[in-house]
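Let me begin by presenting the structure, written as structure tokens, before commenting on it.
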Amino acid sequence: MAGAIDVMRAQLHATIYWYKNNRWLFFTMFLWPYLMVGMLLVVGVMFGSMKEYASRMGVSSPGFFLLSASTVAMSSLGIVDAVAGFALYNRWLGTLNYIVLSPMRTTLIFLAAGIPDSLITMLITVTSVSPAVLYIGGLGGGLRLLLILLVMLVGMLPLLGLSVLAASLLLLVKEESNIINSIVPFMLLVSGVFYPVEILPGLLQAVSRAVPVTYVVRAARIASVFGGLRGAPLIAVFYSLLLLALAYNGAASLAIRGAEERVRMRGVD
Amino acid sequence: MPGDWAIIAEGLVKRYLTYARRGFIRRERRIIEALRGVSFKVNWGEVFGLLGPNGAGKTTTVKILTTLLLPDDGNAWVAGYNVVDEPVRVREQIGVVLNVEKGFFWKLTGRENLRYFGMLRGLRGRDLEDRVDEVGGMLGLDKLGAMDKLYEEFSLGMKARLAIARAMLTDPPVLILDEPTLGLDPHSARGIRSLLVRLARRGKAVLITTHNMFEAELICDRVAIINRGRIAAIGTVAELKRLVTDTVPINIVFTGLAEDGLESLEKLVAERLGTPARISGEDRGYRIRMLAKPGEEDRIIAESISMLSSMGLKVHRVYVEEPSLEDVFIKVTGGET
Ligand SMILES: Nc1ncnc2c1ncn2[C@@H]1O[C@H](COP(=O)(O)OP(=O)(O)O)[C@@H](O)[C@H]1O
Ligand SMILES: [Mg+2]
């Protein structure tokens with residue numbers, strides 16, 4: 001009987017060799033965070049100058065904030081894509097049946113399979129922005145980026161749950177209605193990456209509180225106030241993320257178990 | 001005891017629910033009865049063929065036996081484990097080939113793909129490398145240069161070999177293969193067939209589905225004929241052929257017939273001679289195949305030759321043959337497919 005570790009090793013192997021065989025795609029991965037910076041910048045200064053944008057966001061270093069916000073956005077994208085996209089991608093390839101045939105619970109496969117790719121995307125993104133971060137913020141900036149990475153790792157937990165929830169839905173609906181394509185842009189829109197959450201309508205503000213990315217962005221904002229680093233708000237961010245992790249992963253493990261039964265009734269492809 | 005048999009299928013029933021669009025909003029619910037009570041048993045050490053036309057229910061049966069699909073009714077055991085209640089145990093005992101055209105990562109090589117699926121089955125380190133090399137050699141992937149070639153550059157023959165190599169990774173006692181030689185070049189098909197027979201001689205149970213009667217006759221120790229979700233007949237090829245000892249296939253090769261005369265000639269022969277007849281193309285002419293009852297051969301041959309000659313057709317050759325699995329198939333399914 002094989003286990004979660006085997007799934008993660010296999011997935012890591014597949015991703016590494018996939019990049020090895022597609023080197024130019026590997027290198028473009030390092031460009032994406034900067035394209036994201038460009039996009040954030042365009043939306044950010046749409047309503048005024050760079051200075052106004054910085055004060056709206058309440059950050060003293062808008063450059064650092066843009067870089068870290070882009071890191072958060074790219075990583076979130078990577079996580080949702082790796083976890084929720086796993087079923088879709090492998091169904092399309094015809095590999096899903098053979099993966100399900102591994103001697104272990106299907107639920108376990110779905111929970112474990114997205115983790116290596118999520119970590120790799122995160123690693124690539126952080127590596128890609130760090131030269132710019134070091135240039136803008138020096139060693140202190142580098143340390144702040146590490147802090148954000150730490151928050152992102154915690155933020156990955158609820159995002160994984162949310163993605164597995166999406167994956168169960170995808171397994172149930174037969175159509176290739178790719179809901180993950182709309183999940184990430186929506187999460188980013190309400191997360192405060194582009195503008196402060198406070199200017200959103202009340203309903204969307206409430207929704208944004210249930211979106212894990214919001215808290216990671218909040219941490220990025222806190223880290224972008226150079227000078228003294230406030231500890232209490234950061235602790236609050238950690239607690240919120242853990243709470244969301246508990247809620248989403250609980251719901252996800254119920255949903256995926258239900259999906260596993262339904263899928264066996266109807267076939268996975 | 002379920003474990004005495006490699007595979008037991010007992011009254012398997014499966015219905016698919018589909019929705020056909022009728023107009024813009026209305027959807028019509030339709031139930032497709034894919035399996036209507038399929039039962040058979042497979043021995044250890046035999047190649048067992050599930051033979052049937054497209055849509056007969058072969059793939060559905062395979063998916064149930066491999067735990068990918070739950071039956072609506074009935075039950076099945078593989079290597080003594082129940083496919084409904086013990087899916088993980090069953091998965092440990094089987095190697096599976098579903099659709100030889102796909103099922104691998106396009107941007108990985110043969111070797112990288114095999115490693116991936118080996119890892120998913122718990123292989124690692126030296127063990128994994130050894131097994132990958134071994135199955136690669138067994139299927140001739142190394143000689144074809146396919147181990148270090150990207151899957152996207154594979155021929156269909158290589159794809160099929162890789163799919164069987166994957167099924168062999170953990171050297172499982174039971175192999176279940178859904179049309180493994182479909183569309184393959186003769187060389188690959190022959191290689192795969194002889195490998196399956198060798199594996200069975202070593203004690204493995206091999207279940208293959210096919211719609212190729214020739215293939216079933218060639219390699220299967222026993223055959224179950226499946227049609228419209230039911231098993232129509234089951235037995236060794238010789239046993240099945242005994243079902244049609246009351247028919248003698250007669251073939252007449254002739255030329256001179258116009259394309260559009262085919263069907264009417266079939267009907268005419270059937271009417272006048274009182275035997276089912278089928279006409280097929282032969283190089284530069286046609287072959288009419290009639291099923292005579294024993295003792296009737298001489299009359300049928302004489303009458304059909306004079307009939308064809310009177311129509312201005314030229315008869316080249318007449319021969320009587322052994323009944324084939326195709327005749328068995330036509331008989332047990334009543335000709336309907
Ligand atoms: N997922 C599905 N949904 C609806 N109908 C299906 C599905 N899979 C198979 N069928 C139908 O079930 C019947 C048996 O199919 P299948 O088992 O694939 O036959 P075979 O493999 O012998 O060609 C066919 O009529 C087919 O159209
Ligand atoms: Mg089929």
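Going through the structure tokens in order, the chains are called A, B, and so on, while each chain numbers its residues from 1 and the ligands are numbered from 1 in the order shown.
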*Would you kindly report the residues of chain B within 9 Å of chain A, using only C-alpha atoms, as a PyMOL selection string?*
chain B and resi 16-17+63+66-72+87-92+96-99+102-109+112-113+115-124+150
Please save N, CA and C atoms of the selected residues as a short mmCIF file (atom, residue, chain, number, x, y, z; two decimals), in the first residue's frame.
data_model
loop_
_atom_site.label_atom_id
_atom_site.label_comp_id
_atom_site.auth_asym_id
_atom_site.auth_seq_id
_atom_site.Cartn_x
_atom_site.Cartn_y
_atom_site.Cartn_z
N TYR B 16 -26.20 3.68 -17.18
CA TYR B 16 -25.71 5.06 -17.26
C TYR B 16 -26.90 5.97 -17.44
N LEU B 17 -26.83 7.08 -16.72
CA LEU B 17 -27.86 8.09 -16.86
C LEU B 17 -27.32 9.16 -17.79
N LYS B 63 -14.02 -1.53 -16.25
CA LYS B 63 -13.97 -0.48 -15.24
C LYS B 63 -14.50 -0.96 -13.89
N THR B 66 -11.84 -3.20 -12.29
CA THR B 66 -10.66 -2.48 -11.84
C THR B 66 -10.98 -1.45 -10.77
N THR B 67 -12.18 -1.48 -10.22
CA THR B 67 -12.64 -0.60 -9.12
C THR B 67 -12.88 0.84 -9.53
N LEU B 68 -12.82 1.13 -10.84
CA LEU B 68 -13.02 2.51 -11.26
C LEU B 68 -14.50 2.88 -11.30
N LEU B 69 -15.35 1.86 -11.30
CA LEU B 69 -16.78 2.09 -11.42
C LEU B 69 -17.50 1.10 -10.50
N LEU B 70 -18.55 1.59 -9.83
CA LEU B 70 -19.33 0.68 -8.98
C LEU B 70 -20.47 0.08 -9.79
N PRO B 71 -20.73 -1.21 -9.63
CA PRO B 71 -21.89 -1.80 -10.33
C PRO B 71 -23.18 -1.37 -9.63
N ASP B 72 -24.28 -1.30 -10.37
CA ASP B 72 -25.58 -1.01 -9.76
C ASP B 72 -26.12 -2.26 -9.08
N PRO B 87 -11.43 -1.89 -2.59
CA PRO B 87 -10.81 -1.39 -3.82
C PRO B 87 -9.28 -1.30 -3.73
N VAL B 88 -8.76 -0.89 -2.58
CA VAL B 88 -7.31 -0.71 -2.48
C VAL B 88 -6.59 -2.05 -2.62
N ARG B 89 -7.15 -3.09 -1.99
CA ARG B 89 -6.57 -4.44 -2.11
C ARG B 89 -6.59 -4.91 -3.57
N VAL B 90 -7.72 -4.69 -4.23
CA VAL B 90 -7.83 -5.09 -5.64
C VAL B 90 -6.78 -4.36 -6.47
N ARG B 91 -6.62 -3.05 -6.22
CA ARG B 91 -5.66 -2.26 -7.00
C ARG B 91 -4.24 -2.78 -6.84
N GLU B 92 -3.94 -3.36 -5.69
CA GLU B 92 -2.59 -3.91 -5.48
C GLU B 92 -2.35 -5.16 -6.33
N VAL B 96 -3.37 -2.60 -15.25
CA VAL B 96 -4.51 -2.22 -16.07
C VAL B 96 -4.08 -1.42 -17.31
N VAL B 97 -4.69 -1.75 -18.44
CA VAL B 97 -4.54 -0.94 -19.64
C VAL B 97 -5.93 -0.55 -20.11
N LEU B 98 -6.19 0.75 -20.20
CA LEU B 98 -7.54 1.18 -20.56
C LEU B 98 -7.65 1.62 -22.01
N ASN B 99 -6.94 2.67 -22.36
CA ASN B 99 -7.05 3.17 -23.72
C ASN B 99 -5.63 3.43 -24.19
N LYS B 102 -3.87 7.09 -25.06
CA LYS B 102 -3.46 8.18 -24.17
C LYS B 102 -3.26 7.67 -22.76
N GLY B 103 -3.10 8.60 -21.82
CA GLY B 103 -2.92 8.17 -20.44
C GLY B 103 -1.52 8.38 -19.91
N PHE B 104 -0.72 9.20 -20.62
CA PHE B 104 0.63 9.55 -20.14
C PHE B 104 0.85 11.04 -20.31
N PHE B 105 1.93 11.53 -19.70
CA PHE B 105 2.27 12.95 -19.82
C PHE B 105 3.06 13.17 -21.11
N TRP B 106 2.56 14.07 -21.93
CA TRP B 106 3.13 14.30 -23.26
C TRP B 106 4.55 14.82 -23.19
N LYS B 107 4.83 15.61 -22.17
CA LYS B 107 6.14 16.28 -22.11
C LYS B 107 7.15 15.51 -21.27
N LEU B 108 6.83 14.25 -20.93
CA LEU B 108 7.80 13.42 -20.24
C LEU B 108 8.19 12.26 -21.16
N THR B 109 9.38 11.71 -20.93
CA THR B 109 9.83 10.57 -21.74
C THR B 109 9.16 9.29 -21.24
N GLU B 112 10.54 8.56 -17.78
CA GLU B 112 10.04 9.48 -16.74
C GLU B 112 8.58 9.17 -16.42
N ASN B 113 7.81 8.84 -17.45
CA ASN B 113 6.42 8.46 -17.21
C ASN B 113 6.32 7.19 -16.38
N ARG B 115 8.51 6.02 -14.29
CA ARG B 115 8.92 6.32 -12.91
C ARG B 115 7.77 6.94 -12.13
N TYR B 116 7.07 7.88 -12.76
CA TYR B 116 5.96 8.54 -12.08
C TYR B 116 4.94 7.53 -11.57
N PHE B 117 4.50 6.64 -12.47
CA PHE B 117 3.46 5.69 -12.07
C PHE B 117 4.02 4.62 -11.12
N GLY B 118 5.31 4.33 -11.25
CA GLY B 118 5.94 3.41 -10.31
C GLY B 118 5.94 4.00 -8.90
N MET B 119 6.28 5.28 -8.80
CA MET B 119 6.29 5.94 -7.49
C MET B 119 4.89 5.94 -6.87
N LEU B 120 3.88 6.19 -7.71
CA LEU B 120 2.51 6.18 -7.21
C LEU B 120 2.13 4.81 -6.64
N ARG B 121 2.83 3.77 -7.08
CA ARG B 121 2.53 2.44 -6.58
C ARG B 121 3.50 2.05 -5.48
N GLY B 122 4.23 3.04 -4.97
CA GLY B 122 5.06 2.78 -3.80
C GLY B 122 6.47 2.29 -4.10
N LEU B 123 6.87 2.22 -5.38
CA LEU B 123 8.24 1.81 -5.70
C LEU B 123 9.17 3.00 -5.49
N ARG B 124 10.40 2.74 -5.07
CA ARG B 124 11.37 3.83 -4.96
C ARG B 124 12.80 3.32 -5.09
N LEU B 150 10.34 11.67 -25.83
CA LEU B 150 9.14 12.27 -25.26
C LEU B 150 7.90 11.51 -25.74
#
*Just the residues within 12 Å of Met39 in chain A, please, counting only C-alpha atoms, with nothing from its chain fewer than 6 positions along; format it as a PyMOL selection string.*
chain A and resi 32-33+45-46+66-67+69-70+73-74+193-194
*asked:* Between A:Pro131, A:Gly85, A:Pro212, A:Gly138, which residue has the minimum interatomic distance to Leu162 in chain A, considering only C-alpha atoms?
replied: A:Pro212
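Contacts with ligand 1 are defined as any residue atom within 7 Å of a ligand atom, using only C-alpha atoms and all ligand atoms; the residues meeting this criterion are Arg266 and Gly267 of chain A; Tyr16, Leu17, Thr18, Ile32, Glu33, Ala34, Gly52, Pro53, Asn54, Gly55, Ala56, Gly57, Lys58, Thr59, Thr60 and Thr61 of chain B.
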Serialized selection, N, CA, C and O atoms, as a short mmCIF file (atom, residue, chain, number, x, y, z; two decimals), in the first residue's frame:
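Printed below is again_12.cif as written:
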data_model
loop_
_atom_site.label_atom_id
_atom_site.label_comp_id
_atom_site.auth_asym_id
_atom_site.auth_seq_id
_atom_site.Cartn_x
_atom_site.Cartn_y
_atom_site.Cartn_z
N ARG A 266 -20.07 6.87 -11.21
CA ARG A 266 -20.23 7.36 -12.58
C ARG A 266 -18.97 7.26 -13.43
O ARG A 266 -18.99 7.46 -14.63
N GLY A 267 -17.83 6.98 -12.79
CA GLY A 267 -16.58 6.95 -13.53
C GLY A 267 -15.91 8.30 -13.47
O GLY A 267 -16.60 9.33 -13.36
N TYR B 16 -26.20 3.68 -17.18
CA TYR B 16 -25.71 5.06 -17.26
C TYR B 16 -26.90 5.97 -17.44
O TYR B 16 -27.81 5.68 -18.21
N LEU B 17 -26.83 7.08 -16.72
CA LEU B 17 -27.86 8.09 -16.86
C LEU B 17 -27.32 9.16 -17.79
O LEU B 17 -26.25 9.70 -17.56
N THR B 18 -28.05 9.43 -18.86
CA THR B 18 -27.57 10.50 -19.74
C THR B 18 -28.70 11.48 -20.00
O THR B 18 -29.88 11.17 -19.85
N ILE B 32 -29.20 4.21 -20.08
CA ILE B 32 -28.58 3.24 -20.97
C ILE B 32 -28.18 2.03 -20.15
O ILE B 32 -27.43 2.15 -19.19
N GLU B 33 -28.73 0.89 -20.50
CA GLU B 33 -28.36 -0.33 -19.78
C GLU B 33 -27.12 -0.92 -20.41
O GLU B 33 -27.20 -1.67 -21.38
N ALA B 34 -25.97 -0.58 -19.83
CA ALA B 34 -24.70 -1.02 -20.41
C ALA B 34 -24.44 -2.48 -20.10
O ALA B 34 -23.96 -3.22 -20.95
N GLY B 52 -16.64 -8.83 -28.10
CA GLY B 52 -17.92 -8.24 -28.44
C GLY B 52 -17.77 -7.00 -29.30
O GLY B 52 -16.69 -6.40 -29.33
N PRO B 53 -18.84 -6.59 -30.00
CA PRO B 53 -18.76 -5.42 -30.87
C PRO B 53 -18.72 -4.13 -30.05
O PRO B 53 -18.85 -4.16 -28.83
N ASN B 54 -18.51 -3.00 -30.72
CA ASN B 54 -18.52 -1.71 -30.03
C ASN B 54 -19.84 -1.50 -29.30
O ASN B 54 -20.90 -1.77 -29.84
N GLY B 55 -19.76 -1.02 -28.07
CA GLY B 55 -20.96 -0.73 -27.31
C GLY B 55 -21.53 -1.93 -26.60
O GLY B 55 -22.58 -1.85 -25.95
N ALA B 56 -20.84 -3.08 -26.64
CA ALA B 56 -21.36 -4.30 -26.04
C ALA B 56 -21.30 -4.27 -24.51
O ALA B 56 -22.08 -4.94 -23.84
N GLY B 57 -20.38 -3.46 -23.97
CA GLY B 57 -20.24 -3.39 -22.52
C GLY B 57 -18.88 -3.86 -22.02
O GLY B 57 -18.68 -4.05 -20.82
N LYS B 58 -17.92 -3.99 -22.92
CA LYS B 58 -16.58 -4.48 -22.54
C LYS B 58 -15.88 -3.50 -21.60
O LYS B 58 -15.41 -3.89 -20.53
N THR B 59 -15.81 -2.24 -21.99
CA THR B 59 -15.11 -1.25 -21.18
C THR B 59 -15.79 -1.08 -19.82
O THR B 59 -15.12 -0.95 -18.80
N THR B 60 -17.11 -1.09 -19.82
CA THR B 60 -17.83 -0.97 -18.55
C THR B 60 -17.48 -2.12 -17.62
O THR B 60 -17.23 -1.91 -16.42
N THR B 61 -17.42 -3.33 -18.15
CA THR B 61 -17.03 -4.49 -17.34
C THR B 61 -15.62 -4.30 -16.79
O THR B 61 -15.37 -4.52 -15.59
#
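Distances here use only C-alpha atoms and all ligand atoms; by that measure, the residue among B:Arg201, B:His211, B:Arg21, B:Arg193 closest to ligand 2 is B:His211.
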*Can you tell me how far CA of Ala219 in chain A sits from CA of Leu234 in chain A, in Å to one decimal?*
6.3 Å
